[in-house]
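S.K.: For reference, the file input_9.txt (compact mmCIF, C-alpha atoms) is included below:
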```txt
# COMPACT_ATOMS: atom_id res chain seq x y z
CA MET A 1 -0.51 -15.49 14.47
CA THR A 2 1.05 -13.75 11.47
CA GLU A 3 3.05 -10.78 12.69
CA ALA A 4 3.56 -9.09 9.35
CA ALA A 5 2.18 -9.38 5.83
CA VAL A 6 1.76 -7.41 2.62
CA THR A 7 -1.72 -6.56 1.40
CA ASP A 8 -3.17 -6.70 -2.08
CA THR A 9 -5.67 -4.00 -3.05
CA HIS A 10 -8.99 -5.81 -2.58
CA PRO A 11 -8.32 -7.02 1.00
CA LEU A 12 -7.51 -3.49 2.09
CA LEU A 13 -10.68 -2.17 0.47
CA PHE A 14 -12.80 -4.99 1.96
CA HIS A 15 -11.35 -4.19 5.37
CA ALA A 16 -11.96 -0.45 4.98
CA ALA A 17 -15.51 -1.15 3.80
CA ASN A 18 -16.09 -3.52 6.71
CA SER A 19 -17.04 -6.14 4.13
CA ARG A 20 -17.62 -9.77 4.98
CA ARG A 21 -15.89 -10.77 1.76
CA LEU A 22 -12.50 -10.61 3.40
CA GLY A 23 -11.09 -14.11 3.89
CA ARG A 24 -11.08 -15.40 7.46
CA ARG A 25 -7.31 -15.61 7.88
CA ALA A 26 -6.75 -12.27 6.16
CA ALA A 27 -9.38 -10.72 8.44
CA GLU A 28 -7.46 -12.02 11.46
CA VAL A 29 -4.33 -10.24 10.27
CA PHE A 30 -6.25 -6.99 9.71
CA ASP A 31 -7.87 -7.30 13.13
CA ALA A 32 -4.42 -7.76 14.67
CA ALA A 33 -3.17 -4.68 12.81
CA GLU A 34 -6.07 -2.66 14.21
CA ARG A 35 -4.90 -3.74 17.67
CA GLN A 36 -1.31 -2.91 16.63
CA ALA A 37 -0.40 -6.56 17.12
CA ALA A 38 0.65 -7.10 13.48
CA ILE A 39 2.14 -5.00 10.69
CA ILE A 40 0.53 -4.77 7.26
CA TYR A 41 2.66 -3.34 4.48
CA VAL A 42 0.92 -1.46 1.67
CA PRO A 43 2.80 -1.48 -1.66
CA ALA A 44 2.84 1.71 -3.73
CA ALA A 45 0.99 -0.19 -6.48
CA VAL A 46 -1.89 -0.83 -4.06
CA ILE A 47 -2.12 2.87 -3.31
CA TRP A 48 -2.39 3.66 -6.99
CA GLU A 49 -4.94 0.89 -7.62
CA CYS A 50 -7.11 2.30 -4.84
CA GLY A 51 -6.89 5.68 -6.55
CA LEU A 52 -7.85 4.23 -9.92
CA LEU A 53 -10.78 2.30 -8.45
CA ALA A 54 -12.00 5.46 -6.76
CA TRP A 55 -11.58 7.36 -10.02
CA THR A 56 -13.65 4.80 -11.92
CA GLY A 57 -16.34 4.87 -9.23
CA ARG A 58 -15.81 1.26 -8.12
CA VAL A 59 -15.19 2.46 -4.58
CA ASP A 60 -16.07 5.63 -2.75
CA LEU A 61 -13.24 6.53 -0.39
CA ARG A 62 -15.34 9.42 0.98
CA ARG A 63 -12.28 11.66 1.06
CA PRO A 64 -9.37 12.36 -1.29
CA LEU A 65 -6.92 9.51 -1.83
CA PRO A 66 -4.08 11.13 0.18
CA GLN A 67 -6.42 11.66 3.12
CA PHE A 68 -7.58 8.04 3.06
CA PHE A 69 -3.99 6.84 3.27
CA ALA A 70 -3.07 9.48 5.84
CA ASP A 71 -5.85 8.04 8.00
CA LEU A 72 -4.67 4.47 7.35
CA PHE A 73 -1.02 5.23 8.06
CA SER A 74 -1.90 7.13 11.23
CA ASN A 75 -1.96 3.62 12.67
CA PRO A 76 1.72 2.58 12.72
CA ALA A 77 0.65 -1.01 12.08
CA TYR A 78 0.06 0.02 8.45
CA GLN A 79 3.16 1.03 6.57
CA PRO A 80 3.69 2.04 2.93
CA VAL A 81 6.23 0.19 0.81
CA ASP A 82 8.04 2.44 -1.63
CA LEU A 83 8.46 1.15 -5.16
CA THR A 84 12.15 0.57 -5.86
CA PRO A 85 14.07 -0.38 -9.01
CA GLU A 86 14.82 -3.72 -7.33
CA GLN A 87 11.10 -4.48 -7.08
CA ILE A 88 10.59 -3.52 -10.71
CA TYR A 89 13.35 -5.93 -11.76
CA GLN A 90 11.66 -8.67 -9.70
CA ALA A 91 8.28 -7.84 -11.23
CA ASP A 92 9.80 -7.96 -14.68
CA SER A 93 11.37 -11.36 -14.14
CA ALA A 94 8.53 -13.16 -12.34
CA ARG A 95 4.88 -12.32 -12.95
CA PRO A 96 1.83 -14.27 -11.83
CA ASN A 97 -0.18 -13.13 -14.87
CA ARG A 98 -0.33 -10.26 -17.37
CA ASP A 99 -1.49 -7.71 -14.79
CA PRO A 100 1.37 -5.28 -14.06
CA PHE A 101 -0.13 -4.31 -10.70
CA ASP A 102 -0.18 -7.94 -9.55
CA ALA A 103 3.47 -8.29 -10.60
CA LEU A 104 4.48 -5.21 -8.60
CA ILE A 105 2.48 -6.27 -5.55
CA CYS A 106 4.05 -9.75 -5.61
CA ALA A 107 7.47 -8.15 -6.02
CA ALA A 108 6.88 -6.03 -2.91
CA ALA A 109 5.96 -9.15 -0.91
CA ARG A 110 8.99 -11.01 -2.23
CA HIS A 111 11.23 -8.03 -1.51
CA LEU A 112 10.06 -8.03 2.12
CA ASP A 113 10.02 -11.85 2.24
CA LEU A 114 6.47 -11.79 3.62
CA ALA A 115 3.18 -13.46 2.81
CA LEU A 116 0.64 -11.64 0.66
CA LEU A 117 -2.96 -11.10 1.74
CA THR A 118 -4.92 -11.88 -1.43
CA ARG A 119 -7.66 -14.07 -2.85
CA ASP A 120 -6.10 -13.94 -6.32
CA ASP A 121 -5.89 -17.46 -7.76
CA ASP A 122 -3.25 -16.52 -10.33
CA ILE A 123 -0.96 -15.35 -7.56
CA ARG A 124 -1.67 -18.42 -5.45
CA ARG A 125 -1.02 -20.77 -8.36
CA SER A 126 2.16 -18.95 -9.39
CA GLY A 127 3.86 -19.93 -6.14
CA LEU A 128 5.78 -16.64 -6.21
CA VAL A 129 4.66 -15.72 -2.72
CA ARG A 130 2.97 -17.34 0.25
CA VAL A 131 -0.69 -16.39 0.25
CA ILE A 132 -2.96 -15.71 3.20
CA TRP A 133 -6.71 -15.54 2.66
CA MET B 134 0.91 7.39 27.27
CA VAL B 135 2.78 4.32 28.50
CA LYS B 136 6.24 3.99 27.03
CA LYS B 137 8.21 0.78 26.75
CA ALA B 138 11.88 0.39 27.58
CA ILE B 139 14.05 -1.17 24.90
CA SER B 140 17.76 -1.39 24.31
CA VAL B 141 19.06 0.20 21.11
CA THR B 142 22.50 0.15 19.55
CA LEU B 143 23.69 3.27 17.77
CA ARG B 144 26.83 4.30 15.94
CA PRO B 145 28.95 6.67 18.08
CA GLU B 146 28.44 9.62 15.73
CA ASN B 147 24.67 9.11 15.79
CA LEU B 148 24.61 8.87 19.55
CA LEU B 149 26.65 12.08 19.77
CA TRP B 150 24.24 13.81 17.39
CA LEU B 151 21.27 12.54 19.41
CA ARG B 152 22.77 13.87 22.64
CA GLY B 153 23.40 17.20 20.95
CA GLN B 154 19.79 17.35 19.75
CA THR B 155 18.54 16.52 23.22
CA HIS B 156 20.60 19.28 24.77
CA ALA B 157 19.72 21.84 22.09
CA SER B 158 15.99 21.15 22.32
CA SER B 159 15.92 21.12 26.12
CA ARG B 160 14.37 17.66 26.10
CA ARG B 161 14.81 15.65 29.23
CA SER B 162 16.45 12.58 27.70
CA VAL B 163 17.89 10.92 24.64
CA SER B 164 14.89 8.58 24.75
CA GLU B 165 12.50 11.51 24.48
CA THR B 166 14.42 12.91 21.49
CA LEU B 167 14.45 9.52 19.79
CA ASP B 168 10.72 9.11 20.38
CA GLU B 169 10.05 12.56 18.89
CA LEU B 170 12.23 11.79 15.86
CA ILE B 171 10.31 8.58 15.22
CA SER B 172 6.98 10.41 15.54
CA GLU B 173 8.16 12.98 13.02
CA ALA B 174 9.41 10.27 10.65
CA ARG B 175 6.04 8.52 10.85
CA ALA B 176 4.32 11.76 10.01
CA GLY B 177 6.55 12.13 6.95
CA GLY B 178 8.20 15.29 8.21
CA ARG B 179 4.89 16.99 8.88
CA GLY B 180 5.50 17.39 12.57
CA ARG B 181 3.74 15.59 15.36
CA PRO B 182 1.32 12.95 14.04
CA GLY B 183 -2.30 13.24 15.06
CA ALA B 184 -4.45 10.63 16.69
CA ILE B 185 -4.70 7.18 15.17
CA LYS B 186 -7.73 6.89 12.91
CA SER B 187 -9.21 3.58 11.89
CA VAL B 188 -10.42 3.34 8.29
CA VAL B 189 -12.74 0.43 9.07
CA GLY B 190 -16.21 1.10 7.74
CA SER B 191 -15.12 4.43 6.26
CA ILE B 192 -15.47 3.62 2.55
CA ARG B 193 -18.16 2.21 0.26
CA ILE B 194 -17.78 -0.37 -2.47
CA ARG B 195 -20.11 -0.01 -5.45
CA ALA B 196 -23.23 -2.08 -4.79
CA SER B 197 -23.22 -3.55 -8.31
CA ASP B 198 -19.83 -5.20 -7.69
CA PRO B 199 -19.43 -5.72 -3.94
CA GLY B 200 -16.79 -8.41 -4.46
CA LEU B 201 -14.70 -6.18 -6.73
CA THR B 202 -14.69 -8.99 -9.26
CA GLN B 203 -14.74 -6.51 -12.14
CA ALA B 204 -12.11 -4.20 -10.60
CA ASP B 205 -9.08 -5.62 -12.41
CA GLY B 206 -10.91 -5.40 -15.71
CA ALA B 207 -11.93 -1.81 -15.02
CA ILE B 208 -8.32 -0.82 -14.40
CA ARG B 209 -7.03 -2.74 -17.41
CA GLY B 210 -9.70 -1.02 -19.45
CA LEU B 211 -8.33 2.38 -18.48
CA PHE B 212 -4.92 1.50 -19.84
CA SER B 213 -5.96 -0.45 -22.91
CA ALA B 214 -8.15 2.46 -24.01
CA SER B 215 -5.25 4.83 -23.45
CA ALA B 216 -2.78 2.55 -25.23
CA ALA B 217 -5.08 2.15 -28.22
CA ALA B 218 -5.38 5.90 -28.55
CA ARG B 219 -1.60 6.32 -28.47
CA ARG B 220 -0.62 3.26 -30.49
CA PRO B 221 1.54 4.34 -33.43
CA ARG B 222 0.12 3.59 -36.85
CA ARG B 223 1.73 0.57 -38.51
CA ARG B 224 3.79 1.15 -41.59
CA GLY B 225 1.73 0.44 -44.64
CA ALA B 226 -1.50 1.21 -42.85
CA ALA B 227 -3.84 3.58 -44.56
CA GLN B 228 -2.90 7.17 -43.95
CA PRO B 229 -5.53 9.75 -43.13
CA ARG B 230 -6.55 11.73 -46.14
CA VAL B 231 -5.19 15.22 -46.25
CA ARG B 232 -7.37 17.67 -47.98
CA ARG B 233 -5.51 19.94 -50.35
CA ASP B 234 -7.30 23.00 -51.50
```
Do you think you could lay out the structure here as C-alpha cells?

M.R.:
Amino acid sequence: MTEAAVTDTHPLLFHAANSRRLGRRAAEVFDAAERQAAIIYVPAAVIWECGLLAWTGRVDLRRPLPQFFADLFSNPAYQPVDLTPEQIYQADSARPNRDPFDALICAAARHLDLALLTRDDDIRRSGLVRVIW
Amino acid sequence: MVKKAISVTLRPENLLWLRGQTHASSRRSVSETLDELISEARAGGRGRPGAIKSVVGSIRIRASDPGLTQADGAIRGLFSASAAARRPRRRGAAQPRVRRD
C-alpha cells in the first residue's frame, strides 16, 4: 500500500465529488487517507486550479475555496505543499507539456520524491514522476 | 482520545524551551505541550483545530463535463484571453487613430 503520494487536481475533485472516475489505485490511496493510513500532499498549484475551476463553474465546491481546503486539511492525512523557488526551478527545467500547472504539480512530486496521483498521459509519458492511477 | 507513545530526539535548547512552556502553561507533561503545539501548527496558528471533516461527496462537478476533460482548456482559456488583452502591440503594427479636433 502506498503510504504517501502527491495529488493532481482532478483526482482530488473526483474524490471530493465521490465520482467513480477516480482510477482504482488512486482511489485506494484516497481511501487510505480517509482512514489516516496514508498521506496525500496537495501542491499549491492544485489549490489554485481548484479555485479557477470553481470560478469558471466547472465545479461547485459548495463553500468558499478556503473553507473547502480547511475542511480537507482538518484531516491530517491531507497536507498542503507550499510552492518554493526550488520547485519553480524544477518546473522550469523539466515540464511534461506546455501547461504551467502540470509543471508545478510534477515539480512538487519530484521535490517530495513521491508518486503523483494523476490520469494525465503527458505526465505519464514524460517519465518525470511515478504515476498512480 | 487514545495517544501513542513515541520516542523523539530534540536539541537541548528546544527541550529546555519545551519544559519551560510546560511549566508556564501548567500542563502536566512535555508530551502534552508538544501535542498542543502540533495541534496549533496543524491549525495554522488558529488555535485548537476542530473536528476532522471529510470532503467526500461534498462538491459537485458540472454535469456537462463529469470527467473534467475540458478543465485544462478552460483554465488555459482564462490566461490566453488575459494575455491577448495585455499583449504589447508589435512595432510597425497599425496604431490606433487619434482624433485631432

S.K.: Write out as a count of residues only which residues come within 8 Å of Asn75 of chain A when counting only C-alpha atoms, dropping same-chain ones fewer than 3 positions away.

M.R.: 8

S.K.: Report as an MDAnalysis selection string the set of chain A residues whose atoms approach chain B to within 9 Å, with distances computed over all atoms listed in the file.

M.R.: chainID A and resid 10 13:19 21 34 49 52:53 56:63 68:76 99

S.K.: Could you check how far atom CA of Ile47 of chain A sits from atom CA of Ser93 of chain A, in Å to one decimal?

M.R.: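 Rounded to one decimal, the two atoms are 22.4 Å apart.
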
S.K.: Work out how far atom CA of Pro80 of chain A is from atom CA of Pro64 of chain A, in Å to one decimal.

M.R.: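 Those two atoms sit 17.2 Å apart.
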
S.K.: Between atom CA of Leu22 of chain A and atom CA of Ile105 of chain A, measure the distance and give it in Å to one decimal.

M.R.: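 Atom CA of Leu22 of chain A sits 18.0 Å away from atom CA of Ile105 of chain A.
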
S.K.: Just the residues within 9 Å of Phe30 of chain A, please, counting all atoms listed in the file, with nothing from its chain fewer than 3 positions along; format it as a list of chain:residue names.

M.R.: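 Non-adjacent residues within range: A:Pro11, A:Leu12, A:His15, A:Arg25, A:Ala26, A:Ala27, A:Ala33, A:Glu34, A:Arg35, A:Ala38, A:Ile39, A:Ile40.
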
S.K.: Using C-alpha atoms, can you write the selected residues to a file as a compact mmCIF listing (two decimals), in the coordinates of the input?

M.R.:
```
# COMPACT_ATOMS: atom_id res chain seq x y z
CA PRO A 11 -8.32 -7.02 1.00
CA LEU A 12 -7.51 -3.49 2.09
CA HIS A 15 -11.35 -4.19 5.37
CA ARG A 25 -7.31 -15.61 7.88
CA ALA A 26 -6.75 -12.27 6.16
CA ALA A 27 -9.38 -10.72 8.44
CA ALA A 33 -3.17 -4.68 12.81
CA GLU A 34 -6.07 -2.66 14.21
CA ARG A 35 -4.90 -3.74 17.67
CA ALA A 38 0.65 -7.10 13.48
CA ILE A 39 2.14 -5.00 10.69
CA ILE A 40 0.53 -4.77 7.26
```

S.K.: Would you place a box with edges along x, y and z of the file around all atoms of segment 15-28 of chain A listed there, add 8 Å to each of its six sides, and report the centre and edge lengths in Å to one decimal, as lines of an AutoDock Vina configuration file?

M.R.:
```
center_x = -12.2
center_y = -8.0
center_z = 6.6
size_x = 26.9
size_y = 31.2
size_z = 25.7
```

S.K.: Which one of A:Val42, A:Leu116, A:Gln87, A:Ala37 sits closest to Arg130 of chain A if you count all atoms listed in the file?

M.R.: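 Using all atoms listed in the file, Arg130 of chain A sits closest to A:Leu116.
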
S.K.: Between A:Ala4, A:Leu83, A:Leu104, A:Ile132, which has the minimum distance to Leu117 of chain A (counting all atoms listed in the file)?

M.R.: A:Ile132

S.K.: Kindly add N, CA and C atoms to the incomplete segment 61-90 of chain A and provide the output as a PDB file, in the frame of the given file.

M.R.:
```pdb
ATOM      1  N   LEU A  61     -14.117   6.400  -1.555  1.00  0.00           N
ATOM      2  CA  LEU A  61     -13.240   6.530  -0.390  1.00  0.00           C
ATOM      3  C   LEU A  61     -13.754   7.579   0.593  1.00  0.00           C
ATOM      4  N   ARG A  62     -14.703   8.373   0.148  1.00  0.00           N
ATOM      5  CA  ARG A  62     -15.340   9.420   0.980  1.00  0.00           C
ATOM      6  C   ARG A  62     -14.384  10.528   1.409  1.00  0.00           C
ATOM      7  N   ARG A  63     -13.217  10.551   0.878  1.00  0.00           N
ATOM      8  CA  ARG A  63     -12.280  11.660   1.060  1.00  0.00           C
ATOM      9  C   ARG A  63     -11.229  11.485  -0.031  1.00  0.00           C
ATOM     10  N   PRO A  64     -10.415  12.503  -0.261  1.00  0.00           N
ATOM     11  CA  PRO A  64      -9.370  12.360  -1.290  1.00  0.00           C
ATOM     12  C   PRO A  64      -8.421  11.209  -0.959  1.00  0.00           C
ATOM     13  N   LEU A  65      -7.835  10.652  -2.001  1.00  0.00           N
ATOM     14  CA  LEU A  65      -6.920   9.510  -1.830  1.00  0.00           C
ATOM     15  C   LEU A  65      -5.833   9.770  -0.775  1.00  0.00           C
ATOM     16  N   PRO A  66      -5.134  10.911  -0.825  1.00  0.00           N
ATOM     17  CA  PRO A  66      -4.080  11.130   0.180  1.00  0.00           C
ATOM     18  C   PRO A  66      -4.631  11.128   1.609  1.00  0.00           C
ATOM     19  N   GLN A  67      -5.853  11.617   1.781  1.00  0.00           N
ATOM     20  CA  GLN A  67      -6.420  11.660   3.120  1.00  0.00           C
ATOM     21  C   GLN A  67      -6.757  10.252   3.614  1.00  0.00           C
ATOM     22  N   PHE A  68      -7.271   9.424   2.679  1.00  0.00           N
ATOM     23  CA  PHE A  68      -7.580   8.040   3.060  1.00  0.00           C
ATOM     24  C   PHE A  68      -6.314   7.355   3.583  1.00  0.00           C
ATOM     25  N   PHE A  69      -5.214   7.529   2.835  1.00  0.00           N
ATOM     26  CA  PHE A  69      -3.990   6.840   3.270  1.00  0.00           C
ATOM     27  C   PHE A  69      -3.344   7.526   4.473  1.00  0.00           C
ATOM     28  N   ALA A  70      -3.554   8.827   4.627  1.00  0.00           N
ATOM     29  CA  ALA A  70      -3.070   9.480   5.840  1.00  0.00           C
ATOM     30  C   ALA A  70      -3.784   8.899   7.059  1.00  0.00           C
ATOM     31  N   ASP A  71      -5.088   8.661   6.910  1.00  0.00           N
ATOM     32  CA  ASP A  71      -5.850   8.040   8.000  1.00  0.00           C
ATOM     33  C   ASP A  71      -5.328   6.623   8.264  1.00  0.00           C
ATOM     34  N   LEU A  72      -5.149   5.853   7.182  1.00  0.00           N
ATOM     35  CA  LEU A  72      -4.670   4.470   7.350  1.00  0.00           C
ATOM     36  C   LEU A  72      -3.312   4.438   8.042  1.00  0.00           C
ATOM     37  N   PHE A  73      -2.387   5.271   7.539  1.00  0.00           N
ATOM     38  CA  PHE A  73      -1.020   5.230   8.060  1.00  0.00           C
ATOM     39  C   PHE A  73      -0.881   5.956   9.407  1.00  0.00           C
ATOM     40  N   SER A  74      -1.960   6.561   9.878  1.00  0.00           N
ATOM     41  CA  SER A  74      -1.900   7.130  11.230  1.00  0.00           C
ATOM     42  C   SER A  74      -1.760   5.998  12.256  1.00  0.00           C
ATOM     43  N   ASN A  75      -2.192   4.807  11.857  1.00  0.00           N
ATOM     44  CA  ASN A  75      -1.960   3.620  12.670  1.00  0.00           C
ATOM     45  C   ASN A  75      -0.602   3.032  12.242  1.00  0.00           C
ATOM     46  N   PRO A  76       0.387   3.037  13.131  1.00  0.00           N
ATOM     47  CA  PRO A  76       1.720   2.580  12.720  1.00  0.00           C
ATOM     48  C   PRO A  76       1.775   1.114  12.325  1.00  0.00           C
ATOM     49  N   ALA A  77       0.680   0.392  12.509  1.00  0.00           N
ATOM     50  CA  ALA A  77       0.650  -1.010  12.080  1.00  0.00           C
ATOM     51  C   ALA A  77       0.503  -1.117  10.555  1.00  0.00           C
ATOM     52  N   TYR A  78       0.141  -0.006   9.916  1.00  0.00           N
ATOM     53  CA  TYR A  78       0.060   0.020   8.450  1.00  0.00           C
ATOM     54  C   TYR A  78       1.205   0.874   7.933  1.00  0.00           C
ATOM     55  N   GLN A  79       1.990   0.294   7.040  1.00  0.00           N
ATOM     56  CA  GLN A  79       3.160   1.030   6.570  1.00  0.00           C
ATOM     57  C   GLN A  79       3.276   0.930   5.048  1.00  0.00           C
ATOM     58  N   PRO A  80       3.527   2.074   4.386  1.00  0.00           N
ATOM     59  CA  PRO A  80       3.690   2.040   2.930  1.00  0.00           C
ATOM     60  C   PRO A  80       5.006   1.392   2.536  1.00  0.00           C
ATOM     61  N   VAL A  81       4.996   0.761   1.371  1.00  0.00           N
ATOM     62  CA  VAL A  81       6.230   0.190   0.810  1.00  0.00           C
ATOM     63  C   VAL A  81       6.545   0.959  -0.458  1.00  0.00           C
ATOM     64  N   ASP A  82       7.636   1.686  -0.443  1.00  0.00           N
ATOM     65  CA  ASP A  82       8.040   2.440  -1.630  1.00  0.00           C
ATOM     66  C   ASP A  82       8.377   1.491  -2.777  1.00  0.00           C
ATOM     67  N   LEU A  83       8.087   1.939  -3.981  1.00  0.00           N
ATOM     68  CA  LEU A  83       8.460   1.150  -5.160  1.00  0.00           C
ATOM     69  C   LEU A  83       9.917   1.451  -5.491  1.00  0.00           C
ATOM     70  N   THR A  84      10.714   0.397  -5.601  1.00  0.00           N
ATOM     71  CA  THR A  84      12.150   0.570  -5.860  1.00  0.00           C
ATOM     72  C   THR A  84      12.506  -0.096  -7.189  1.00  0.00           C
ATOM     73  N   PRO A  85      13.618   0.305  -7.793  1.00  0.00           N
ATOM     74  CA  PRO A  85      14.070  -0.380  -9.010  1.00  0.00           C
ATOM     75  C   PRO A  85      14.202  -1.893  -8.795  1.00  0.00           C
ATOM     76  N   GLU A  86      14.665  -2.293  -7.618  1.00  0.00           N
ATOM     77  CA  GLU A  86      14.820  -3.720  -7.330  1.00  0.00           C
ATOM     78  C   GLU A  86      13.490  -4.461  -7.471  1.00  0.00           C
ATOM     79  N   GLN A  87      12.425  -3.855  -6.969  1.00  0.00           N
ATOM     80  CA  GLN A  87      11.100  -4.480  -7.080  1.00  0.00           C
ATOM     81  C   GLN A  87      10.654  -4.546  -8.543  1.00  0.00           C
ATOM     82  N   ILE A  88      10.973  -3.509  -9.286  1.00  0.00           N
ATOM     83  CA  ILE A  88      10.590  -3.520 -10.710  1.00  0.00           C
ATOM     84  C   ILE A  88      11.335  -4.636 -11.446  1.00  0.00           C
ATOM     85  N   TYR A  89      12.608  -4.838 -11.116  1.00  0.00           N
ATOM     86  CA  TYR A  89      13.350  -5.930 -11.760  1.00  0.00           C
ATOM     87  C   TYR A  89      12.714  -7.278 -11.398  1.00  0.00           C
ATOM     88  N   GLN A  90      12.310  -7.419 -10.131  1.00  0.00           N
ATOM     89  CA  GLN A  90      11.660  -8.670  -9.700  1.00  0.00           C
ATOM     90  C   GLN A  90      10.333  -8.851 -10.433  1.00  0.00           C
TER      91      GLN A  90
END
```
